[in-house]
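Engineer: structure_8.txt (compact mmCIF, C-alpha atoms and all ligand atoms) pasted underneath:
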```txt
# COMPACT_ATOMS: atom_id res chain seq x y z
CA MET W 1 -116.06 0.72 127.35
CA LEU W 2 -116.13 2.13 123.80
CA LYS W 3 -112.68 0.85 122.85
CA ASP W 4 -112.80 -1.48 119.81
CA LYS W 5 -116.58 -1.07 119.52
CA VAL W 6 -117.65 -0.76 115.87
CA VAL W 7 -119.59 2.45 115.33
CA VAL W 8 -121.37 3.38 112.10
CA ILE W 9 -122.10 7.09 111.66
CA THR W 10 -124.12 8.47 108.76
CA GLY W 11 -123.04 11.94 107.65
CA GLY W 12 -119.82 11.48 109.61
CA THR W 13 -117.55 13.52 107.35
CA ARG W 14 -118.54 16.99 108.52
CA GLY W 15 -120.53 19.00 111.06
CA ILE W 16 -122.02 17.20 114.06
CA GLY W 17 -121.36 13.76 112.57
CA TYR W 18 -117.64 14.44 112.19
CA GLU W 19 -117.38 15.65 115.78
CA ILE W 20 -119.20 12.50 116.94
CA ALA W 21 -116.70 10.45 114.89
CA ARG W 22 -113.75 12.30 116.49
CA LYS W 23 -115.03 11.62 120.02
CA PHE W 24 -115.49 7.91 119.33
CA ALA W 25 -112.05 7.74 117.68
CA GLN W 26 -110.55 9.36 120.81
CA ASN W 27 -112.12 6.52 122.78
CA GLY W 28 -110.60 3.87 120.51
CA SER W 29 -113.78 2.86 118.66
CA LYS W 30 -113.59 1.56 115.09
CA LEU W 31 -115.52 3.70 112.63
CA GLY W 32 -117.61 3.07 109.52
CA ILE W 33 -118.38 6.51 108.15
CA ILE W 34 -121.16 7.01 105.61
CA ALA W 35 -121.31 10.11 103.38
CA SER W 36 -123.34 10.81 100.26
CA ARG W 37 -120.33 11.83 98.17
CA MET W 38 -116.57 11.72 97.97
CA SER W 39 -115.49 15.31 98.59
CA GLU W 40 -112.09 16.83 99.41
CA GLN W 41 -113.43 17.58 102.88
CA ALA W 42 -114.56 13.97 103.34
CA ILE W 43 -111.14 12.61 102.33
CA LYS W 44 -109.29 15.12 104.56
CA ASN W 45 -111.50 14.50 107.60
CA VAL W 46 -111.39 10.71 107.29
CA ASP W 47 -107.61 11.00 106.98
CA GLU W 48 -107.57 13.02 110.25
CA LEU W 49 -109.63 10.31 111.96
CA GLN W 50 -107.29 7.56 110.71
CA LYS W 51 -104.32 9.48 112.14
CA MET W 52 -105.95 9.06 115.55
CA GLY W 53 -104.82 5.44 115.37
CA THR W 54 -108.06 3.53 115.00
CA GLU W 55 -109.64 1.67 112.08
CA VAL W 56 -111.73 4.09 109.99
CA ARG W 57 -113.42 3.27 106.68
CA LEU W 58 -115.44 5.57 104.44
CA TYR W 59 -118.52 4.34 102.56
CA ILE W 60 -120.23 6.41 99.88
CA CYS W 61 -123.96 5.86 100.10
CA ASP W 62 -127.01 8.00 99.45
CA ILE W 63 -129.16 6.92 102.39
CA LYS W 64 -132.40 7.80 100.59
CA ASP W 65 -131.65 4.95 98.16
CA SER W 66 -132.67 1.72 99.91
CA GLU W 67 -130.68 -0.50 97.51
CA GLN W 68 -127.47 1.46 98.09
CA VAL W 69 -128.10 1.23 101.84
CA GLU W 70 -128.49 -2.57 101.70
CA THR W 71 -125.33 -2.94 99.58
CA GLU W 72 -123.17 -0.69 101.77
CA ALA W 73 -124.50 -2.20 105.02
CA LYS W 74 -123.44 -5.66 103.79
CA ARG W 75 -120.04 -4.25 102.86
CA ILE W 76 -119.66 -2.71 106.33
CA LEU W 77 -120.61 -5.98 108.04
CA ASP W 78 -118.17 -7.91 105.81
CA ASP W 79 -115.37 -5.44 106.58
CA PHE W 80 -115.85 -5.22 110.35
CA GLY W 81 -117.57 -8.56 111.09
CA ASN W 82 -120.28 -6.86 113.19
CA ILE W 83 -121.39 -3.43 114.37
CA ASP W 84 -122.17 -2.38 117.94
CA ILE W 85 -123.47 1.18 117.65
CA LEU W 86 -125.38 2.94 114.87
CA ILE W 87 -125.66 6.72 114.78
CA ASN W 88 -128.19 8.02 112.27
CA ASN W 89 -126.94 11.58 111.94
CA ALA W 90 -127.21 12.47 108.22
CA GLY W 91 -129.81 15.11 107.52
CA ILE W 92 -130.68 18.02 105.25
CA THR W 93 -132.88 21.13 105.26
CA ARG W 94 -134.86 22.65 102.39
CA ASP W 95 -136.63 25.51 104.19
CA ASN W 96 -139.55 27.54 102.84
CA LEU W 97 -143.08 28.54 103.72
CA LEU W 98 -145.50 25.73 102.91
CA PRO W 99 -147.05 27.12 99.70
CA SER W 100 -143.57 27.82 98.31
CA LEU W 101 -142.17 24.39 99.14
CA GLY W 102 -141.62 22.42 95.96
CA ILE W 103 -142.68 18.77 95.89
CA ALA W 104 -139.03 17.83 95.36
CA GLU W 105 -138.05 19.73 98.53
CA ILE W 106 -140.74 17.99 100.56
CA ASP W 107 -139.78 14.57 99.20
CA GLU W 108 -136.02 15.01 99.57
CA VAL W 109 -136.19 16.07 103.21
CA ILE W 110 -138.54 13.23 104.17
CA ASP W 111 -136.55 10.76 102.05
CA VAL W 112 -133.12 11.59 103.51
CA ASN W 113 -134.01 12.44 107.11
CA LEU W 114 -136.81 10.00 107.88
CA LYS W 115 -136.77 7.23 105.30
CA GLY W 116 -132.95 7.20 105.26
CA THR W 117 -132.89 6.70 109.04
CA ILE W 118 -135.40 3.84 108.72
CA TYR W 119 -133.53 2.20 105.82
CA VAL W 120 -130.15 2.28 107.58
CA THR W 121 -131.58 0.97 110.86
CA ARG W 122 -133.46 -1.79 109.02
CA ALA W 123 -130.25 -2.81 107.25
CA PHE W 124 -128.41 -3.39 110.57
CA ILE W 125 -131.16 -4.58 112.90
CA LYS W 126 -130.76 -8.31 112.11
CA ASN W 127 -127.06 -8.02 113.02
CA PHE W 128 -127.99 -6.48 116.39
CA VAL W 129 -130.64 -9.16 117.04
CA ARG W 130 -128.26 -11.98 116.10
CA GLN W 131 -125.52 -10.75 118.45
CA ARG W 132 -128.11 -9.87 121.14
CA HIS W 133 -126.86 -6.36 121.68
CA GLY W 134 -127.03 -3.06 119.86
CA ASN W 135 -127.30 0.64 120.40
CA ILE W 136 -129.01 3.06 118.03
CA ILE W 137 -128.81 6.84 118.38
CA ASN W 138 -130.92 8.93 116.03
CA ILE W 139 -130.30 12.64 115.54
CA SER W 140 -133.69 14.35 115.51
CA SER W 141 -134.16 18.08 116.23
CA VAL W 142 -135.88 20.20 118.82
CA VAL W 143 -137.91 21.49 115.87
CA GLY W 144 -139.42 18.00 115.60
CA MET W 145 -140.83 18.53 119.12
CA MET W 146 -141.91 22.18 118.98
CA GLY W 147 -142.42 22.90 115.24
CA ASN W 148 -140.93 25.85 113.36
CA LYS W 149 -142.18 28.36 110.83
CA GLY W 150 -140.55 27.75 107.45
CA GLN W 151 -139.54 24.19 108.34
CA THR W 152 -142.73 22.15 107.97
CA ASN W 153 -141.03 19.44 105.91
CA TYR W 154 -137.96 19.29 108.18
CA ALA W 155 -139.98 19.35 111.43
CA ALA W 156 -142.22 16.55 110.12
CA SER W 157 -139.18 14.43 109.22
CA LYS W 158 -137.60 15.00 112.65
CA ALA W 159 -140.88 14.28 114.50
CA GLY W 160 -141.06 11.06 112.47
CA ILE W 161 -137.62 10.08 113.74
CA ILE W 162 -138.90 10.41 117.32
CA GLY W 163 -141.84 8.07 116.66
CA PHE W 164 -139.50 5.68 114.87
CA SER W 165 -136.96 5.70 117.73
CA LYS W 166 -139.59 4.99 120.39
CA SER W 167 -141.03 2.13 118.30
CA VAL W 168 -137.60 0.56 117.77
CA ALA W 169 -136.97 0.86 121.53
CA LYS W 170 -140.20 -1.07 122.22
CA GLU W 171 -139.74 -3.62 119.43
CA TYR W 172 -136.11 -4.53 120.36
CA GLY W 173 -135.65 -3.78 124.06
CA ARG W 174 -135.97 -7.49 124.93
CA LYS W 175 -133.16 -8.23 122.50
CA ASN W 176 -130.84 -5.96 124.49
CA ILE W 177 -131.00 -3.26 121.84
CA ARG W 178 -131.45 0.35 122.95
CA CYS W 179 -132.66 3.21 120.77
CA ASN W 180 -132.67 6.88 121.75
CA ALA W 181 -132.99 10.20 119.95
CA ILE W 182 -131.03 13.41 120.43
CA ALA W 183 -132.85 16.67 119.70
CA PRO W 184 -130.32 19.46 119.10
CA GLY W 185 -131.30 23.13 119.00
CA TYR W 186 -129.12 25.60 117.07
CA ILE W 187 -125.65 24.11 116.63
CA ALA W 188 -122.94 26.01 114.73
CA THR W 189 -122.30 23.94 111.55
CA GLU W 190 -122.63 24.44 107.78
CA MET W 191 -126.36 23.74 108.22
CA THR W 192 -126.81 26.86 110.37
CA GLY W 193 -124.10 28.73 108.40
CA ALA W 194 -126.84 29.97 106.05
CA LEU W 195 -128.23 32.18 108.83
CA THR W 196 -127.34 35.90 108.57
CA GLY W 197 -125.53 37.71 111.40
CA ASP W 198 -128.78 39.43 112.44
CA MET W 199 -130.63 36.11 112.57
CA VAL W 200 -127.90 34.57 114.73
CA GLU W 201 -128.04 37.57 117.10
CA ASN W 202 -131.84 37.24 117.41
CA ILE W 203 -131.54 33.53 118.09
CA LYS W 204 -128.91 34.10 120.78
CA GLN W 205 -131.13 36.73 122.42
CA SER W 206 -134.02 34.25 122.55
CA LEU W 207 -132.03 31.41 124.14
CA PRO W 208 -131.79 31.04 127.94
CA LEU W 209 -128.10 30.15 127.61
CA GLY W 210 -127.57 33.05 125.18
CA MET W 211 -125.40 31.22 122.64
CA LEU W 212 -125.44 28.65 119.87
CA GLY W 213 -124.32 25.12 120.68
CA GLU W 214 -121.17 23.44 119.38
CA PRO W 215 -121.03 20.05 117.63
CA SER W 216 -119.18 18.70 120.69
CA ASP W 217 -122.26 19.43 122.85
CA VAL W 218 -124.18 16.88 120.77
CA ALA W 219 -121.23 14.49 120.45
CA ASN W 220 -120.78 14.31 124.24
CA LEU W 221 -124.39 13.16 124.64
CA ALA W 222 -123.92 10.58 121.86
CA LEU W 223 -120.93 9.19 123.80
CA PHE W 224 -123.02 8.95 126.98
CA LEU W 225 -125.90 7.20 125.20
CA ALA W 226 -123.50 4.77 123.50
CA ASP W 227 -121.81 3.84 126.75
CA ASP W 228 -123.03 1.34 129.34
CA CYS W 229 -123.36 4.14 131.90
CA SER W 230 -126.70 4.89 130.16
CA LYS W 231 -127.71 1.20 130.05
CA TYR W 232 -131.17 1.78 131.57
CA ILE W 233 -132.12 4.53 129.12
CA THR W 234 -134.10 3.67 125.99
CA GLY W 235 -136.90 5.28 123.98
CA GLU W 236 -135.81 8.71 125.23
CA VAL W 237 -135.57 12.01 123.38
CA ILE W 238 -132.92 14.24 124.92
CA LYS W 239 -132.64 17.90 123.98
CA VAL W 240 -129.31 19.69 123.56
CA ASP W 241 -130.73 23.12 122.88
CA GLY W 242 -129.46 25.73 125.36
CA GLY W 243 -132.96 25.91 126.82
CA MET W 244 -134.62 26.76 123.48
CA TYR W 245 -137.64 24.55 124.21
CA VAL W 246 -138.30 24.69 127.91
P1 LIG W 301 -124.29 19.28 107.94
O1 LIG W 301 -123.07 19.99 108.43
O2 LIG W 301 -125.05 19.86 106.79
O3 LIG W 301 -123.88 17.75 107.60
C1 LIG W 301 -124.87 16.88 107.11
C2 LIG W 301 -124.27 15.51 106.91
O4 LIG W 301 -125.28 14.64 106.37
C3 LIG W 301 -123.12 15.51 105.93
O5 LIG W 301 -122.10 14.67 106.40
C4 LIG W 301 -123.74 14.92 104.68
O6 LIG W 301 -122.83 14.18 103.90
C5 LIG W 301 -124.76 13.96 105.23
N1 LIG W 301 -125.80 13.68 104.26
C6 LIG W 301 -126.69 14.56 103.73
N2 LIG W 301 -127.49 13.93 102.84
C7 LIG W 301 -127.08 12.64 102.82
C8 LIG W 301 -127.51 11.50 102.08
N3 LIG W 301 -128.50 11.57 101.20
N4 LIG W 301 -126.87 10.32 102.28
C9 LIG W 301 -125.84 10.24 103.16
N5 LIG W 301 -125.38 11.29 103.89
C10 LIG W 301 -126.01 12.47 103.71
O7 LIG W 301 -125.34 19.10 109.11
P2 LIG W 301 -125.18 19.13 110.70
O8 LIG W 301 -125.52 20.49 111.16
O9 LIG W 301 -123.91 18.52 111.09
O10 LIG W 301 -126.40 18.19 111.11
C11 LIG W 301 -126.25 16.83 111.46
C12 LIG W 301 -127.61 16.30 111.93
O11 LIG W 301 -128.03 17.08 113.05
C13 LIG W 301 -128.70 16.42 110.89
O12 LIG W 301 -129.57 15.31 110.96
C14 LIG W 301 -129.44 17.67 111.30
O13 LIG W 301 -130.78 17.67 110.84
C15 LIG W 301 -129.34 17.58 112.80
N6 LIG W 301 -129.52 18.87 113.47
C16 LIG W 301 -128.65 19.89 113.24
C17 LIG W 301 -128.86 21.11 113.90
C18 LIG W 301 -127.95 22.27 113.69
O14 LIG W 301 -128.26 23.34 114.24
N7 LIG W 301 -126.84 22.16 113.00
C19 LIG W 301 -129.96 21.25 114.76
C20 LIG W 301 -130.81 20.17 114.97
C21 LIG W 301 -130.57 18.98 114.32
P3 LIG W 301 -122.24 14.81 102.51
O15 LIG W 301 -121.13 15.72 102.94
O16 LIG W 301 -121.79 13.63 101.77
O17 LIG W 301 -123.36 15.54 101.84
```
Using structure tokens, write down the structure from this file.
Structural biologist:
Amino acid sequence: MLKDKVVVITGGTRGIGYEIARKFAQNGSKLGIIASRMSEQAIKNVDELQKMGTEVRLYICDIKDSEQVETEAKRILDDFGNIDILINNAGITRDNLLPSLGIAEIDEVIDVNLKGTIYVTRAFIKNFVRQRHGNIINISSVVGMMGNKGQTNYAASKAGIIGFSKSVAKEYGRKNIRCNAIAPGYIATEMTGALTGDMVENIKQSLPLGMLGEPSDVANLALFLADDCSKYITGEVIKVDGGMYV
């Protein structure tokens, strides 16, 4: 079902986004990958995806810049002709206790995580409406549902994504466009790489499943939500968190 579908993934060059890209490539989807910068890792990973035998193109775009988003979205639509699935995965953290959070850290997290998700979705929604189908998957966080000390800016941005996803689901359901959010818990990527060994041990102890998740745990759910076997699911927020927020 996912073969030859055009999938756009923001932040698809590393971490969870790259694993999502790999899973779709394995299923024969065509990929438009968005990253904020051209890095050695981005070039290497896109090369690996291309070796999997499907069409893969890399677009450099800072998603917090609405003009760049509009320009690159047009380029993607020109290159592929249409898109079927959008995965808003790109995100950042700038953690600190509230009084110590700089204004720039508050703005950047809201701008990339929340406004970026809105800008990218807005740039593709007319395409989905015109073709009368579309599927949007937004990567939120369990922290956006339960809150977290030291992550007020991040939790607010991820809670915003949930409200946004539900609103898109209501606004476009009649146009055969679905929109769901995934709320991961602790997943082993560069983002959680900043945690010390002791912190990781404490986290594991606190989780019902007793371990961190892997990017593939999130990617498998993205595949399910993108496929027609989830065709009656929209406006949902699904946790992939090892029982962190039960
Ligand atoms: P990661 O390894 O740090 O990767 C983040 C990705 O976002 C990178 O590909 C990065 O691209 C891209 N990105 C960052 N800022 C961008 C911008 N301004 N414009 C375009 N792309 C940008 O993070 P991750 O752990 O894979 O996380 C992926 C998503 O899952 C994020 O939304 C994160 O909040 C969410 N999440 C992660 C966890 C976790 O435990 N890891 C838990 C809950 C939710 P560049 O390489 O170009 O910077």
Engineer: Set out as a tab-separated table a contact list for chain W and ligand LIG 301 (chain W) with a cut-off of 7 Å, giving each residue of chain W that qualifies its closest atom pair and distance in Å to one decimal, counting all atoms listed in the file, ordered by chain and rising residue number.
Structural biologist:
```
residue	atom	partner	partner_atom	distance
W:Thr10	CA	W:LIG301	N5	5.8
W:Gly11	CA	W:LIG301	O5	3.1
W:Gly12	CA	W:LIG301	O5	5.1
W:Thr13	CA	W:LIG301	O5	4.8
W:Arg14	CA	W:LIG301	O5	4.7
W:Gly15	CA	W:LIG301	O9	3.4
W:Ile16	CA	W:LIG301	O9	3.8
W:Gly17	CA	W:LIG301	O9	5.6
W:Ile34	CA	W:LIG301	C9	6.2
W:Ala35	CA	W:LIG301	O16	3.9
W:Ser36	CA	W:LIG301	O16	3.6
W:Arg37	CA	W:LIG301	O16	4.3
W:Met38	CA	W:LIG301	O16	6.7
W:Ala42	CA	W:LIG301	O15	6.8
W:Cys61	CA	W:LIG301	C9	5.7
W:Asp62	CA	W:LIG301	N4	3.7
W:Ile63	CA	W:LIG301	N4	4.1
W:Lys64	CA	W:LIG301	N3	5.5
W:Asn89	CA	W:LIG301	O12	4.7
W:Ala90	CA	W:LIG301	O4	3.4
W:Gly91	CA	W:LIG301	O12	3.5
W:Ile92	CA	W:LIG301	C6	5.5
W:Thr93	CA	W:LIG301	O13	6.9
W:Val112	CA	W:LIG301	N3	5.2
W:Asn113	CA	W:LIG301	O12	6.5
W:Ile139	CA	W:LIG301	O12	5.4
W:Ser140	CA	W:LIG301	C21	5.7
W:Ser141	CA	W:LIG301	C20	4.1
W:Val142	CA	W:LIG301	C20	6.4
W:Ala183	CA	W:LIG301	C20	6.2
W:Pro184	CA	W:LIG301	C20	4.2
W:Gly185	CA	W:LIG301	C19	4.8
W:Tyr186	CA	W:LIG301	O14	3.7
W:Ile187	CA	W:LIG301	O14	3.6
W:Ala188	CA	W:LIG301	N7	5.7
W:Thr189	CA	W:LIG301	O8	4.7
W:Glu190	CA	W:LIG301	O1	4.5
W:Met191	CA	W:LIG301	O2	4.3
W:Thr192	CA	W:LIG301	N7	5.4
```
Engineer: Quick one: distance from CA of Gly213 in chain W to CA of Gln41 in chain W in Å, one decimal?
Structural biologist: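 Distance between the two atoms: 22.2 Å.
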Engineer: Compile the contact shell of range 216-222 of chain W as a ChimeraX atom specification: residues with an atom at most 10 Å away, counting all atoms listed in the file, same-chain residues fewer than 4 positions apart removed.
Structural biologist: /W:15-24,87,136-139,180-185,187,226-227,238-242
Engineer: Pick the closest to Val69 in chain W from W:Thr54, W:Gly116, W:Val8, W:Arg130: which is it, counting all atoms listed in the file?
Structural biologist: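 Smallest separation from Val69 in chain W among the options: W:Gly116.
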Engineer: For each of W:Gly144, W:Gly160, W:Gly150, W:Gly193, take the minimum atom-to-atom distance to Asp111 in chain W, counting all atoms listed in the file, then give the residue where this is smallest.
Structural biologist: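 Closest candidate: W:Gly160.
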Engineer: Record the distance separating CA of Ile76 in chain W and CA of Asp228 in chain W, expressed in Å with one decimal.
Structural biologist: 23.6 Å
Engineer: With all atoms listed in the file as the basis for distance, which of W:Lys5, W:Lys51, W:Lys115, W:Lys149 is at the shortest distance from Gly134 in chain W?
Structural biologist: W:Lys5
Engineer: Let me make sure I understand: among W:Thr152, W:Thr117, W:Thr71, W:Ser230, which one has the smallest atom-to-atom distance to Tyr59 in chain W if we use all atoms listed in the file?
Structural biologist: W:Thr71
Engineer: When you count only C-alpha atoms, which of these residues is closest to Leu212 in chain W: W:Ile60, W:Leu77, W:Met244, W:Ile161?
Structural biologist: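 Closest to Leu212 in chain W, using only C-alpha atoms: W:Met244.
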Engineer: Return the single residue from W:Gln151, W:Asn202, W:Asn135, W:Thr234 that is closest to Ser167 in chain W, with distances computed using only C-alpha atoms.
Structural biologist: W:Thr234
Engineer: Quick one: pull the distance between CA of Arg178 in chain W and CA of Phe128 in chain W, Å, one decimal.
Structural biologist: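 Separation between CA of Arg178 in chain W and CA of Phe128 in chain W: 10.1 Å.
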Engineer: Any idea what's packed within 9 Å of Val6 in chain W, counting only C-alpha atoms, ignoring anything in its chain fewer than 2 positions away? Could you give it as a ChimeraX atom specification?
Structural biologist: /W:2-4,8,29-32,80,82-86
Engineer: Starting from the incomplete input, reconstruct all heavy atoms of range 130-141 of chain W and report them as a compact mmCIF listing (two decimals), in the coordinates of the input.
Structural biologist:
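Wrote part_14.txt, looks like this:
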```txt
# COMPACT_ATOMS: atom_id res chain seq x y z
N ARG W 130 -129.08 -10.76 116.11
CA ARG W 130 -128.26 -11.98 116.10
C ARG W 130 -127.23 -11.96 117.23
O ARG W 130 -127.03 -12.93 117.93
CB ARG W 130 -127.57 -12.11 114.74
CG ARG W 130 -127.17 -13.52 114.39
CD ARG W 130 -126.76 -13.71 112.93
NE ARG W 130 -126.21 -12.53 112.31
CZ ARG W 130 -126.76 -11.88 111.29
NH1 ARG W 130 -127.90 -12.30 110.79
NH2 ARG W 130 -126.18 -10.82 110.78
N GLN W 131 -126.58 -10.81 117.43
CA GLN W 131 -125.52 -10.75 118.45
C GLN W 131 -126.08 -10.42 119.84
O GLN W 131 -125.35 -10.38 120.82
CB GLN W 131 -124.44 -9.75 118.04
CG GLN W 131 -124.87 -8.30 118.10
CD GLN W 131 -123.92 -7.33 117.39
OE1 GLN W 131 -123.03 -7.75 116.67
NE2 GLN W 131 -124.12 -6.05 117.59
N ARG W 132 -127.39 -10.17 119.90
CA ARG W 132 -128.11 -9.87 121.14
C ARG W 132 -127.57 -8.65 121.88
O ARG W 132 -127.60 -8.56 123.09
CB ARG W 132 -128.18 -11.11 122.06
CG ARG W 132 -129.04 -12.20 121.47
CD ARG W 132 -129.47 -13.22 122.48
NE ARG W 132 -130.52 -12.72 123.36
CZ ARG W 132 -131.82 -12.72 123.07
NH1 ARG W 132 -132.24 -13.15 121.89
NH2 ARG W 132 -132.69 -12.27 123.94
N HIS W 133 -127.08 -7.69 121.13
CA HIS W 133 -126.86 -6.36 121.68
C HIS W 133 -126.76 -5.35 120.55
O HIS W 133 -126.39 -5.70 119.42
CB HIS W 133 -125.61 -6.30 122.59
CG HIS W 133 -124.31 -6.26 121.83
ND1 HIS W 133 -123.55 -7.37 121.62
CD2 HIS W 133 -123.66 -5.24 121.22
CE1 HIS W 133 -122.47 -7.05 120.92
NE2 HIS W 133 -122.51 -5.76 120.66
N GLY W 134 -127.11 -4.12 120.86
CA GLY W 134 -127.03 -3.06 119.86
C GLY W 134 -127.45 -1.75 120.48
O GLY W 134 -128.12 -1.71 121.52
N ASN W 135 -127.01 -0.68 119.86
CA ASN W 135 -127.30 0.64 120.40
C ASN W 135 -127.51 1.59 119.22
O ASN W 135 -126.62 1.75 118.39
CB ASN W 135 -126.13 1.10 121.28
CG ASN W 135 -126.50 2.25 122.16
OD1 ASN W 135 -127.29 3.13 121.77
ND2 ASN W 135 -125.94 2.29 123.36
N ILE W 136 -128.67 2.18 119.16
CA ILE W 136 -129.01 3.06 118.03
C ILE W 136 -129.28 4.46 118.57
O ILE W 136 -130.05 4.63 119.53
CB ILE W 136 -130.26 2.53 117.29
CG1 ILE W 136 -130.02 1.10 116.78
CG2 ILE W 136 -130.63 3.46 116.12
CD1 ILE W 136 -131.28 0.33 116.49
N ILE W 137 -128.62 5.44 117.97
CA ILE W 137 -128.81 6.84 118.38
C ILE W 137 -129.21 7.62 117.13
O ILE W 137 -128.47 7.67 116.15
CB ILE W 137 -127.50 7.40 118.99
CG1 ILE W 137 -127.11 6.58 120.23
CG2 ILE W 137 -127.67 8.87 119.35
CD1 ILE W 137 -125.69 6.82 120.72
N ASN W 138 -130.41 8.19 117.18
CA ASN W 138 -130.92 8.93 116.03
C ASN W 138 -130.87 10.43 116.31
O ASN W 138 -131.33 10.87 117.37
CB ASN W 138 -132.35 8.50 115.73
CG ASN W 138 -132.42 7.04 115.31
OD1 ASN W 138 -131.52 6.54 114.64
ND2 ASN W 138 -133.48 6.36 115.69
N ILE W 139 -130.35 11.19 115.36
CA ILE W 139 -130.30 12.64 115.54
C ILE W 139 -131.59 13.24 114.97
O ILE W 139 -131.79 13.28 113.75
CB ILE W 139 -129.05 13.28 114.89
CG1 ILE W 139 -127.77 12.56 115.34
CG2 ILE W 139 -129.00 14.77 115.25
CD1 ILE W 139 -127.45 12.61 116.83
N SER W 140 -132.45 13.67 115.89
CA SER W 140 -133.69 14.35 115.51
C SER W 140 -133.41 15.85 115.55
O SER W 140 -132.34 16.31 115.14
CB SER W 140 -134.79 13.93 116.49
OG SER W 140 -135.98 14.62 116.25
N SER W 141 -134.35 16.63 116.06
CA SER W 141 -134.16 18.08 116.23
C SER W 141 -135.23 18.57 117.19
O SER W 141 -136.34 18.02 117.24
CB SER W 141 -134.33 18.80 114.90
OG SER W 141 -134.44 20.19 115.13
```
